[in-house]
>>> print(open('entry.pdb').read())   # PDB, C-alpha atoms, pLDDT in the B column
MODEL        1
ATOM      1  CA  MET R   1     -85.970  36.129  37.799  1.00 52.00           C
ATOM      2  CA  GLU R   2     -82.382  35.386  36.705  1.00 50.00           C
ATOM      3  CA  ILE R   3     -80.648  32.161  37.693  1.00 51.00           C
ATOM      4  CA  LEU R   4     -77.241  31.152  36.325  1.00 56.00           C
ATOM      5  CA  LYS R   5     -77.472  33.972  33.801  1.00 61.00           C
ATOM      6  CA  ARG R   6     -80.723  32.507  32.465  1.00 62.00           C
ATOM      7  CA  CYS R   7     -84.015  34.307  32.751  1.00 66.00           C
ATOM      8  CA  PHE R   8     -87.044  32.486  34.043  1.00 63.00           C
ATOM      9  CA  PRO R   9     -90.467  33.965  33.496  1.00 66.00           C
ATOM     10  CA  GLY R  10     -92.178  35.452  36.497  1.00 73.00           C
ATOM     11  CA  PHE R  11     -94.292  33.080  38.545  1.00 74.00           C
ATOM     12  CA  SER R  12     -97.755  34.201  39.565  1.00 75.00           C
ATOM     13  CA  THR R  13    -100.700  32.686  41.373  1.00 75.00           C
ATOM     14  CA  LYS R  14    -104.187  32.815  39.905  1.00 75.00           C
ATOM     15  CA  ASN R  15    -107.044  31.396  41.956  1.00 77.00           C
ATOM     16  CA  GLY R  16    -104.524  29.550  44.119  1.00 75.00           C
ATOM     17  CA  VAL R  17    -102.813  27.893  41.127  1.00 74.00           C
ATOM     18  CA  LEU R  18     -99.191  28.630  40.224  1.00 75.00           C
ATOM     19  CA  THR R  19     -98.891  29.869  36.641  1.00 75.00           C
ATOM     20  CA  VAL R  20     -96.401  31.336  34.211  1.00 76.00           C
ATOM     21  CA  ALA R  21     -97.939  33.490  31.497  1.00 72.00           C
ATOM     22  CA  ASN R  22    -101.374  32.085  32.384  1.00 73.00           C
ATOM     23  CA  ARG R  23    -100.153  28.515  31.773  1.00 75.00           C
ATOM     24  CA  THR R  24     -99.817  25.692  34.290  1.00 77.00           C
ATOM     25  CA  THR R  25     -97.699  23.338  32.137  1.00 80.00           C
ATOM     26  CA  PHE R  26     -94.719  23.703  29.821  1.00 76.00           C
ATOM     27  CA  ASN R  27     -92.619  21.599  27.438  1.00 75.00           C
ATOM     28  CA  ASP R  28     -89.280  20.747  29.060  1.00 74.00           C
ATOM     29  CA  GLY R  29     -87.362  20.548  25.762  1.00 77.00           C
ATOM     30  CA  ARG R  30     -87.205  16.755  25.857  1.00 83.00           C
ATOM     31  CA  GLY R  31     -90.745  16.228  24.674  1.00 83.00           C
ATOM     32  CA  LYS R  32     -92.244  15.935  28.162  1.00 83.00           C
ATOM     33  CA  THR R  33     -94.962  18.170  29.488  1.00 82.00           C
ATOM     34  CA  ARG R  34     -94.120  19.361  32.970  1.00 81.00           C
ATOM     35  CA  ASN R  35     -96.022  21.148  35.671  1.00 79.00           C
ATOM     36  CA  ILE R  36     -95.110  24.729  36.567  1.00 77.00           C
ATOM     37  CA  THR R  37     -94.495  23.615  40.158  1.00 79.00           C
ATOM     38  CA  ASP R  38     -91.663  21.401  38.816  1.00 79.00           C
ATOM     39  CA  LEU R  39     -90.103  24.492  37.252  1.00 78.00           C
ATOM     40  CA  ARG R  40     -90.524  26.412  40.488  1.00 79.00           C
ATOM     41  CA  GLU R  41     -88.908  23.618  42.539  1.00 81.00           C
ATOM     42  CA  ALA R  42     -85.982  23.430  40.100  1.00 77.00           C
ATOM     43  CA  ALA R  43     -85.528  27.200  40.197  1.00 76.00           C
ATOM     44  CA  ASP R  44     -85.592  27.165  44.008  1.00 78.00           C
ATOM     45  CA  SER R  45     -83.012  24.342  44.100  1.00 79.00           C
ATOM     46  CA  ILE R  46     -80.702  26.226  41.759  1.00 77.00           C
ATOM     47  CA  ASN R  47     -81.154  29.325  43.877  1.00 76.00           C
ATOM     48  CA  ASN R  48     -80.193  27.364  47.018  1.00 78.00           C
ATOM     49  CA  VAL R  49     -77.029  26.123  45.278  1.00 78.00           C
ATOM     50  CA  GLN R  50     -76.186  29.699  44.322  1.00 77.00           C
ATOM     51  CA  ASP R  51     -76.709  30.779  47.945  1.00 80.00           C
ATOM     52  CA  ALA R  52     -74.367  28.035  49.176  1.00 82.00           C
ATOM     53  CA  ARG R  53     -71.779  29.077  46.613  1.00 81.00           C
ATOM     54  CA  SER R  54     -71.999  32.712  47.653  1.00 85.00           C
ATOM     55  CA  ILE R  55     -71.509  31.698  51.305  1.00 86.00           C
ATOM     56  CA  GLY R  56     -68.377  29.772  50.305  1.00 85.00           C
ATOM     57  CA  VAL R  57     -67.046  32.704  48.301  1.00 87.00           C
ATOM     58  CA  LYS R  58     -67.724  35.087  51.179  1.00 88.00           C
ATOM     59  CA  SER R  59     -65.929  32.763  53.623  1.00 88.00           C
ATOM     60  CA  PHE R  60     -62.909  32.589  51.321  1.00 88.00           C
ATOM     61  CA  GLU R  61     -62.896  36.384  50.928  1.00 89.00           C
ATOM     62  CA  ASP R  62     -63.011  36.773  54.712  1.00 88.00           C
ATOM     63  CA  TYR R  63     -60.077  34.390  55.046  1.00 85.00           C
ATOM     64  CA  ALA R  64     -58.144  36.213  52.325  1.00 88.00           C
ATOM     65  CA  ASN R  65     -58.697  39.529  54.091  1.00 88.00           C
ATOM     66  CA  SER R  66     -57.714  38.297  57.558  1.00 91.00           C
ATOM     67  CA  TRP R  67     -54.965  35.727  56.957  1.00 89.00           C
ATOM     68  CA  TYR R  68     -52.350  37.812  58.759  1.00 90.00           C
ATOM     69  CA  TRP R  69     -54.482  37.922  61.934  1.00 91.00           C
ATOM     70  CA  ILE R  70     -54.821  34.163  61.786  1.00 91.00           C
ATOM     71  CA  LEU R  71     -51.027  33.800  61.567  1.00 93.00           C
ATOM     72  CA  ILE R  72     -50.495  36.247  64.454  1.00 95.00           C
ATOM     73  CA  PHE R  73     -52.897  34.370  66.741  1.00 95.00           C
ATOM     74  CA  LYS R  74     -51.441  31.024  65.685  1.00 95.00           C
ATOM     75  CA  GLU R  75     -47.971  32.290  66.610  1.00 96.00           C
ATOM     76  CA  GLU R  76     -49.238  33.548  69.976  1.00 96.00           C
ATOM     77  CA  ALA R  77     -50.928  30.209  70.649  1.00 95.00           C
ATOM     78  CA  GLY R  78     -47.637  28.461  69.899  1.00 94.00           C
ATOM     79  CA  TRP R  79     -45.772  30.627  72.403  1.00 93.00           C
ATOM     80  CA  ILE R  80     -48.435  30.113  75.055  1.00 94.00           C
ATOM     81  CA  LEU R  81     -48.233  26.364  74.489  1.00 93.00           C
ATOM     82  CA  CYS R  82     -44.439  26.430  74.846  1.00 91.00           C
ATOM     83  CA  VAL R  83     -44.619  28.397  78.096  1.00 90.00           C
ATOM     84  CA  TRP R  84     -47.364  26.169  79.479  1.00 88.00           C
ATOM     85  CA  LYS R  85     -45.456  23.025  78.498  1.00 86.00           C
ATOM     86  CA  GLN R  86     -42.280  24.333  80.140  1.00 84.00           C
ATOM     87  CA  LYS R  87     -44.216  25.074  83.321  1.00 81.00           C
ATOM     88  CA  TRP R  88     -45.939  21.662  83.258  1.00 78.00           C
ATOM     89  CA  ASN R  89     -42.650  19.797  82.753  1.00 78.00           C
ATOM     90  CA  GLY R  90     -41.009  21.829  85.517  1.00 68.00           C
ATOM     91  CA  GLU R  91     -43.738  20.905  88.048  1.00 65.00           C
ATOM     92  CA  ASN R  92     -43.585  17.198  87.205  1.00 61.00           C
ATOM     93  CA  GLN R  93     -39.808  17.007  87.698  1.00 59.00           C
ATOM     94  CA  MET R  94     -39.962  18.016  91.381  1.00 50.00           C
TER      95      MET R  94
ENDMDL
END
>>> encode(input="entry.pdb", output="structure tokens")
Amino acid sequence: MEILKRCFPGFSTKNGVLTVANRTTFNDGRGKTRNITDLREAADSINNVQDARSIGVKSFEDYANSWYWILIFKEEAGWILCVWKQKWNGENQM
């Protein structure tokens, strides 16, 4: 599994227990022994952040590809508003 260009070892389940390379704990690099489920939760959280980022990038790409349609419809909405406002003001003056 690759997250943020870092490789995590593959998670597996043995007898209902989550393991990595047949181990259930690991050293976190700060001298603490952590549970493999902590690693899994952290990896899932990072993956969720990556998913949110990819949704944002996709939305921006969609906007970049369709900006001219947005301007066209905005212009049309402006004209419709002007016509409607003219009609509304004309009815109220009678």
>>> resolve_selection(input="entry.pdb", expression="the PyMOL selection byres ((chain R and resi 36) around 6)", output="ChimeraX atom specification")
/R:24-25,35,37-39
>>> atom_distance(input="entry.pdb", atom1="atom CA of Phe26 of chain R", atom2="atom CA of Ala42 of chain R")
13.5 Å
>>> atom_distance(input="entry.pdb", atom1="atom CA of Val20 of chain R", atom2="atom CA of Arg40 of chain R")
9.9 Å
>>> residues_around(input="entry.pdb", residues="Ala21 of chain R", least_positions_apart="2", cutoff="8 Å", atoms="all atoms listed in the file", output="MDAnalysis selection string")
chainID R and resid 9:11 19 23
>>> atom_distance(input="entry.pdb", atom1="atom CA of Lys58 of chain R", atom2="atom CA of Glu75 of chain R")
25.2 Å
>>> axis_aligned_box(input="entry.pdb", around="segment 13-30 of chain R", padding_each_side="4 Å", output="AutoDock Vina command-line options")
--center_x -97.1 --center_y 25.1 --center_z 34.9 --size_x 27.8 --size_y 24.7 --size_z 26.4
